[in-house]
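Have a look at entry.cif; it's mmCIF, C-alpha atoms:
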```
data_entry
loop_
_atom_site.group_PDB
_atom_site.id
_atom_site.type_symbol
_atom_site.label_atom_id
_atom_site.label_comp_id
_atom_site.auth_asym_id
_atom_site.auth_seq_id
_atom_site.Cartn_x
_atom_site.Cartn_y
_atom_site.Cartn_z
ATOM 1 C CA MET A 1 -27.300 -20.467 14.670
ATOM 2 C CA LYS A 2 -28.244 -21.384 11.161
ATOM 3 C CA LYS A 3 -25.972 -23.841 9.444
ATOM 4 C CA LYS A 4 -24.112 -22.583 6.402
ATOM 5 C CA PRO A 5 -24.499 -24.469 3.133
ATOM 6 C CA PRO A 6 -21.569 -26.767 2.308
ATOM 7 C CA VAL A 7 -18.796 -25.245 0.197
ATOM 8 C CA LYS A 8 -17.478 -27.093 -2.843
ATOM 9 C CA LEU A 9 -13.735 -26.917 -3.303
ATOM 10 C CA GLY A 10 -12.080 -29.808 -5.137
ATOM 11 C CA TYR A 11 -8.290 -30.066 -4.817
ATOM 12 C CA VAL A 12 -7.033 -27.129 -2.806
ATOM 13 C CA ASP A 13 -3.896 -25.906 -4.539
ATOM 14 C CA TYR A 14 -1.371 -23.804 -2.666
ATOM 15 C CA LYS A 15 -0.471 -22.070 -5.935
ATOM 16 C CA ASP A 16 -3.960 -20.632 -6.246
ATOM 17 C CA TYR A 17 -3.264 -17.936 -3.691
ATOM 18 C CA ASN A 18 -6.086 -15.668 -4.818
ATOM 19 C CA MET A 19 -8.608 -18.383 -4.060
ATOM 20 C CA LEU A 20 -6.923 -19.015 -0.689
ATOM 21 C CA ARG A 21 -7.231 -15.331 0.165
ATOM 22 C CA ARG A 22 -10.951 -15.946 0.649
ATOM 23 C CA PHE A 23 -10.040 -17.962 3.725
ATOM 24 C CA THR A 24 -7.738 -15.464 5.352
ATOM 25 C CA SER A 25 -8.518 -12.311 7.274
ATOM 26 C CA ASP A 26 -7.159 -8.981 6.061
ATOM 27 C CA ARG A 27 -4.426 -9.538 8.621
ATOM 28 C CA GLY A 28 -3.460 -12.715 6.812
ATOM 29 C CA LYS A 29 -4.760 -15.033 9.513
ATOM 30 C CA ILE A 30 -6.573 -18.230 8.580
ATOM 31 C CA ARG A 31 -10.294 -17.830 9.230
ATOM 32 C CA ALA A 32 -11.985 -20.110 11.733
ATOM 33 C CA ARG A 33 -14.232 -22.876 10.517
ATOM 34 C CA ARG A 34 -17.320 -21.255 11.939
ATOM 35 C CA VAL A 35 -16.580 -18.341 9.624
ATOM 36 C CA THR A 36 -15.566 -20.291 6.529
ATOM 37 C CA GLY A 37 -18.305 -22.905 6.847
ATOM 38 C CA LEU A 38 -15.942 -25.658 5.664
ATOM 39 C CA SER A 39 -16.017 -29.299 6.676
ATOM 40 C CA PRO A 40 -13.165 -30.446 8.948
ATOM 41 C CA GLN A 41 -11.389 -32.089 5.985
ATOM 42 C CA GLN A 42 -11.749 -29.038 3.797
ATOM 43 C CA GLN A 43 -10.621 -26.711 6.553
ATOM 44 C CA ARG A 44 -7.505 -28.805 7.017
ATOM 45 C CA GLU A 45 -6.745 -28.852 3.288
ATOM 46 C CA VAL A 46 -7.192 -25.111 3.083
ATOM 47 C CA ALA A 47 -5.017 -24.563 6.154
ATOM 48 C CA VAL A 48 -2.221 -26.718 4.728
ATOM 49 C CA ALA A 49 -2.451 -24.957 1.362
ATOM 50 C CA ILE A 50 -2.274 -21.527 3.002
ATOM 51 C CA LYS A 51 0.779 -22.583 4.995
ATOM 52 C CA ARG A 52 2.482 -23.833 1.851
ATOM 53 C CA ALA A 53 1.630 -20.627 0.033
ATOM 54 C CA ARG A 54 3.113 -18.647 2.922
ATOM 55 C CA GLU A 55 6.326 -20.609 2.721
ATOM 56 C CA MET A 56 6.668 -19.717 -0.938
ATOM 57 C CA ALA A 57 5.932 -16.039 -0.231
ATOM 58 C CA LEU A 58 2.674 -16.146 -2.167
ATOM 59 C CA LEU A 59 0.717 -15.172 0.945
ATOM 60 C CA PRO A 60 1.975 -13.110 3.871
ATOM 61 C CA TYR A 61 2.500 -14.520 7.358
ATOM 62 C CA VAL A 62 1.535 -11.114 8.708
ATOM 63 C CA ALA A 63 -0.408 -8.723 6.497
ATOM 64 C CA GLY A 64 -0.849 -5.000 6.901
ATOM 65 C CA GLN A 65 1.743 -2.837 8.669
ATOM 66 C CA MET B 66 8.022 -24.716 -7.336
ATOM 67 C CA LEU B 67 11.149 -22.694 -6.953
ATOM 68 C CA ILE B 68 12.041 -19.050 -6.535
ATOM 69 C CA VAL B 69 15.272 -17.781 -8.077
ATOM 70 C CA ILE B 70 17.033 -14.640 -6.862
ATOM 71 C CA PRO B 71 16.143 -11.419 -8.710
ATOM 72 C CA GLU B 72 19.741 -10.359 -9.377
ATOM 73 C CA LEU B 73 20.065 -12.647 -12.381
ATOM 74 C CA ASP B 74 19.102 -11.700 -15.925
ATOM 75 C CA GLU B 75 16.518 -13.636 -17.908
ATOM 76 C CA GLU B 76 19.147 -15.771 -19.571
ATOM 77 C CA GLN B 77 20.750 -16.874 -16.312
ATOM 78 C CA VAL B 78 17.343 -17.608 -14.862
ATOM 79 C CA GLU B 79 16.567 -19.776 -17.825
ATOM 80 C CA SER B 80 19.798 -21.714 -17.502
ATOM 81 C CA THR B 81 19.043 -22.246 -13.808
ATOM 82 C CA PHE B 82 15.698 -23.794 -14.632
ATOM 83 C CA ALA B 83 17.272 -25.821 -17.429
ATOM 84 C CA ARG B 84 19.768 -27.154 -14.903
ATOM 85 C CA PHE B 85 17.016 -28.627 -12.770
ATOM 86 C CA ARG B 86 15.296 -30.036 -15.777
ATOM 87 C CA THR B 87 18.523 -31.858 -16.636
ATOM 88 C CA ILE B 88 18.800 -33.201 -13.095
ATOM 89 C CA ILE B 89 15.257 -34.540 -13.211
ATOM 90 C CA GLU B 90 15.809 -36.213 -16.559
ATOM 91 C CA ARG B 91 19.242 -37.570 -15.674
ATOM 92 C CA THR B 92 17.851 -39.324 -12.597
ATOM 93 C CA GLY B 93 15.055 -41.109 -14.372
ATOM 94 C CA GLY B 94 12.298 -38.557 -13.944
ATOM 95 C CA GLU B 95 10.247 -36.971 -16.658
ATOM 96 C CA MET B 96 9.346 -33.311 -17.019
ATOM 97 C CA LYS B 97 5.624 -33.045 -17.600
ATOM 98 C CA GLU B 98 5.084 -29.359 -17.613
ATOM 99 C CA MET B 99 7.132 -26.286 -16.996
ATOM 100 C CA ASP B 100 5.341 -23.138 -16.026
ATOM 101 C CA TYR B 101 7.395 -20.000 -15.840
ATOM 102 C CA TRP B 102 5.629 -17.315 -13.787
ATOM 103 C CA GLY B 103 8.293 -14.708 -14.292
ATOM 104 C CA ARG B 104 9.332 -12.021 -11.863
ATOM 105 C CA ARG B 105 6.910 -11.468 -9.008
ATOM 106 C CA LYS B 106 6.745 -9.602 -5.784
ATOM 107 C CA LEU B 107 7.257 -11.697 -2.659
ATOM 108 C CA ALA B 108 4.571 -11.500 0.017
ATOM 109 C CA TYR B 109 7.334 -10.704 2.493
ATOM 110 C CA GLU B 110 11.057 -10.058 2.357
ATOM 111 C CA ILE B 111 13.416 -12.998 2.093
ATOM 112 C CA ASP B 112 17.095 -12.188 2.672
ATOM 113 C CA HIS B 113 16.327 -8.503 2.021
ATOM 114 C CA ARG B 114 14.892 -9.280 -1.385
ATOM 115 C CA THR B 115 11.434 -8.109 -2.324
ATOM 116 C CA ASP B 116 10.917 -10.116 -5.495
ATOM 117 C CA GLY B 117 12.065 -13.213 -7.313
ATOM 118 C CA PHE B 118 11.623 -15.339 -10.419
ATOM 119 C CA TYR B 119 9.006 -18.030 -9.949
ATOM 120 C CA ALA B 120 8.711 -21.258 -11.860
ATOM 121 C CA VAL B 121 6.601 -24.349 -11.350
ATOM 122 C CA MET B 122 7.720 -27.676 -12.740
ATOM 123 C CA GLN B 123 5.526 -30.698 -12.858
ATOM 124 C CA PHE B 124 7.477 -33.898 -13.148
ATOM 125 C CA THR B 125 7.603 -37.583 -12.376
ATOM 126 C CA ALA B 126 10.439 -38.822 -10.223
ATOM 127 C CA GLY B 127 12.789 -41.763 -10.623
ATOM 128 C CA ASP B 128 14.352 -43.476 -7.596
ATOM 129 C CA ARG B 129 17.216 -41.022 -7.331
ATOM 130 C CA THR B 130 15.420 -37.906 -8.449
ATOM 131 C CA LEU B 131 14.158 -36.498 -5.165
ATOM 132 C CA PRO B 132 17.249 -36.873 -2.960
ATOM 133 C CA GLU B 133 19.443 -35.535 -5.738
ATOM 134 C CA LEU B 134 17.108 -32.691 -6.675
ATOM 135 C CA LYS B 135 16.598 -31.581 -3.079
ATOM 136 C CA ARG B 136 20.300 -31.724 -2.346
ATOM 137 C CA ILE B 137 21.146 -29.539 -5.309
ATOM 138 C CA LEU B 138 18.271 -27.129 -4.619
ATOM 139 C CA ARG B 139 19.600 -26.699 -1.095
ATOM 140 C CA VAL B 140 23.157 -25.938 -2.133
ATOM 141 C CA SER B 141 22.230 -23.669 -5.060
ATOM 142 C CA ASP B 142 22.885 -20.075 -4.094
ATOM 143 C CA ASP B 143 20.671 -18.775 -6.883
ATOM 144 C CA VAL B 144 17.593 -20.554 -5.505
ATOM 145 C CA LEU B 145 15.866 -18.366 -2.962
ATOM 146 C CA ARG B 146 13.277 -20.915 -1.973
ATOM 147 C CA HIS B 147 11.881 -24.186 -3.220
ATOM 148 C CA MET B 148 9.172 -26.681 -2.430
ATOM 149 C CA VAL B 149 8.475 -30.168 -3.736
ATOM 150 C CA VAL B 150 4.919 -31.373 -3.375
ATOM 151 C CA LYS B 151 3.434 -34.728 -4.244
ATOM 152 C CA LEU B 152 0.349 -34.276 -6.378
ATOM 153 C CA PRO B 153 -2.806 -36.366 -6.058
ATOM 154 C CA PRO B 154 -3.238 -38.918 -8.879
ATOM 155 C CA ASP B 155 -6.205 -37.015 -10.304
ATOM 156 C CA TYR B 156 -4.474 -33.645 -10.237
ATOM 157 C CA ALA B 157 -4.532 -33.041 -13.984
ATOM 158 C CA ARG B 158 -8.298 -33.377 -14.111
ATOM 159 C CA ASN B 159 -8.876 -30.798 -11.430
ATOM 160 C CA ASP B 160 -6.937 -28.043 -13.021
ATOM 161 C CA PRO B 161 -4.885 -27.859 -16.190
ATOM 162 C CA SER B 162 -2.264 -25.713 -14.472
ATOM 163 C CA PRO B 163 1.005 -27.460 -13.554
ATOM 164 C CA GLU B 164 3.145 -27.866 -10.485
ATOM 165 C CA ALA B 165 5.713 -29.651 -8.463
ATOM 166 C CA THR B 166 7.546 -28.849 -5.275
ATOM 167 C CA GLU B 167 8.026 -28.997 -1.435
ATOM 168 C CA ALA B 168 9.631 -27.761 1.681
ATOM 169 C CA PRO B 169 12.959 -26.625 3.120
ATOM 170 C CA ALA B 170 13.457 -22.904 2.981
#
```

Would you write out, as structure tokens, the structure that this file holds?
Amino acid sequence: MKKKPPVKLGYVDYKDYNMLRRFTSDRGKIRARRVTGLSPQQQREVAVAIKRAREMALLPYVAGQ
Amino acid sequence: MLIVIPELDEEQVESTFARFRTIIERTGGEMKEMDYWGRRKLAYEIDHRTDGFYAVMQFTAGDRTLPELKRILRVSDDVLRHMVVKLPPDYARNDPSPEATEAPA
């Protein structure tokens, strides 16, 4: 499979929930790295940020229904 | 970042935020930025509430700031949720928007 181009992110802020939405499914699940095309470090930062955003009710734990 | 219960009026919400500002300053911290998001819908219900007042404070901490701040946040009935997060040293350059907060629900 063709490799995806690297994604540039900078500091991943949990408060920027609209940006984090790009990395969640419509169910609210965190997308896998093979889907997001992020490096391991970036994927981890995004995952941590999403979890923080969930804790502060900025993103849902379970979306839809 | 903290979320205050929606039952309060604007004035009470303000005094709540002012209270934490005082705590930070009294314990040797310095308030850098205070960003009031206002009333917002929660992504899910917390204690049967569907919205809350959000505010983000960016501050530096003195030795006693964090234990004291976290203790008071925990016992404050008007705080729905809070989080204190340590920012990277270059945070301001990344994004002009403020912040401050971490964990226990």

For this session: May I have the residues within 10 Å of Leu20 in chain A as a count of residues only, using all atoms listed in the file and disregarding those fewer than 3 positions away in the same chain?
Result: 15

Exercise. Skipping near chain neighbours, those fewer than 5 positions away, what residues fall within 8 Å of Ile89 in chain B using all atoms listed in the file, listed as a list in words?
Worked result: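 With the cut-off at 8 Å, the set is Gly94, Glu95, Met96, Phe124, Ala126, Thr130 and Leu134 of chain B.
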
Exercise. Selected by the PyMOL selection byres ((chain B) within 7 of (chain A)) in the shown coordinates: which residues, as a VMD selection string?
Worked result: chain B and resid 107 to 109 146 159

Can you spell out as a PDB file with C-alpha atoms, in the frame of the given file the set of residues that the PyMOL selection byres ((chain A and resi 31-36) around 10) selects in the structure I just provided?
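Okay, this is what ended up in result-v8.pdb:
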```
ATOM      1  CA  LYS A   3     -25.972 -23.841   9.444  1.00  0.00           C
ATOM      2  CA  LYS A   4     -24.112 -22.583   6.402  1.00  0.00           C
ATOM      3  CA  PRO A   6     -21.569 -26.767   2.308  1.00  0.00           C
ATOM      4  CA  VAL A   7     -18.796 -25.245   0.197  1.00  0.00           C
ATOM      5  CA  ARG A  21      -7.231 -15.331   0.165  1.00  0.00           C
ATOM      6  CA  ARG A  22     -10.951 -15.946   0.649  1.00  0.00           C
ATOM      7  CA  PHE A  23     -10.040 -17.962   3.725  1.00  0.00           C
ATOM      8  CA  THR A  24      -7.738 -15.464   5.352  1.00  0.00           C
ATOM      9  CA  SER A  25      -8.518 -12.311   7.274  1.00  0.00           C
ATOM     10  CA  ASP A  26      -7.159  -8.981   6.061  1.00  0.00           C
ATOM     11  CA  GLY A  28      -3.460 -12.715   6.812  1.00  0.00           C
ATOM     12  CA  LYS A  29      -4.760 -15.033   9.513  1.00  0.00           C
ATOM     13  CA  ILE A  30      -6.573 -18.230   8.580  1.00  0.00           C
ATOM     14  CA  GLY A  37     -18.305 -22.905   6.847  1.00  0.00           C
ATOM     15  CA  LEU A  38     -15.942 -25.658   5.664  1.00  0.00           C
ATOM     16  CA  SER A  39     -16.017 -29.299   6.676  1.00  0.00           C
ATOM     17  CA  PRO A  40     -13.165 -30.446   8.948  1.00  0.00           C
ATOM     18  CA  GLN A  42     -11.749 -29.038   3.797  1.00  0.00           C
ATOM     19  CA  GLN A  43     -10.621 -26.711   6.553  1.00  0.00           C
ATOM     20  CA  ARG A  44      -7.505 -28.805   7.017  1.00  0.00           C
ATOM     21  CA  ALA A  47      -5.017 -24.563   6.154  1.00  0.00           C
TER      22      ALA A  47
END
```

Exercise. How far is it from CA of Val121 in chain B to CA of Arg105 in chain B, in Å with one decimal?
Worked result: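 Interatomic distance, CA of Val121 in chain B to CA of Arg105 in chain B: 13.1 Å.
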
Problem set entry | Radius query 10 Å about (15.1, -23.9, -15.7), atoms used: all atoms listed in the file, as an MDAnalysis selection string | chainID B and resid 67 69 76:87 99:101 120:122

Exercise. Residues at most 9 Å from Ile137 in chain B, counting all atoms listed in the file, excluding those fewer than 4 positions away in the same chain, as a list in words?
Worked result: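 Counting all atoms listed in the file, the residues come to Phe85, Ile88, Pro132, Glu133 and Ser141 of chain B.
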
Exercise. What is the distance between CA of Ile70 in chain B and CA of Arg139 in chain B, in Å to one decimal?
Worked result: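 Rounded to one decimal, the two atoms are 13.6 Å apart.
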
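CA of Asp128 in chain B is positioned 23.2 Å from CA of Val144 in chain B.
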
Problem set entry | Test item: residues at most 8 Å from Gly127 in chain B, all atoms listed in the file, excluding those fewer than 4 positions along its chain, as a list in words | Thr92, Gly93, Gly94 and Leu131 of chain B

Step by step, gather every atom of range 9-24 of chain A that the file lists, find the box along x, y and z that holds them, add 3 Å on each side, and finally give centre and edge lengths in Å to one decimal, as JSON.
```
{"center_x": -7.1, "center_y": -22.7, "center_z": -0.4, "size_x": 19.3, "size_y": 20.7, "size_z": 17.6}
```

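Counting only C-alpha atoms and comparing B:Leu152, B:Leu73, B:Ile68, B:Leu138, the residue that lies closest to Phe118 in chain B is B:Ile68.
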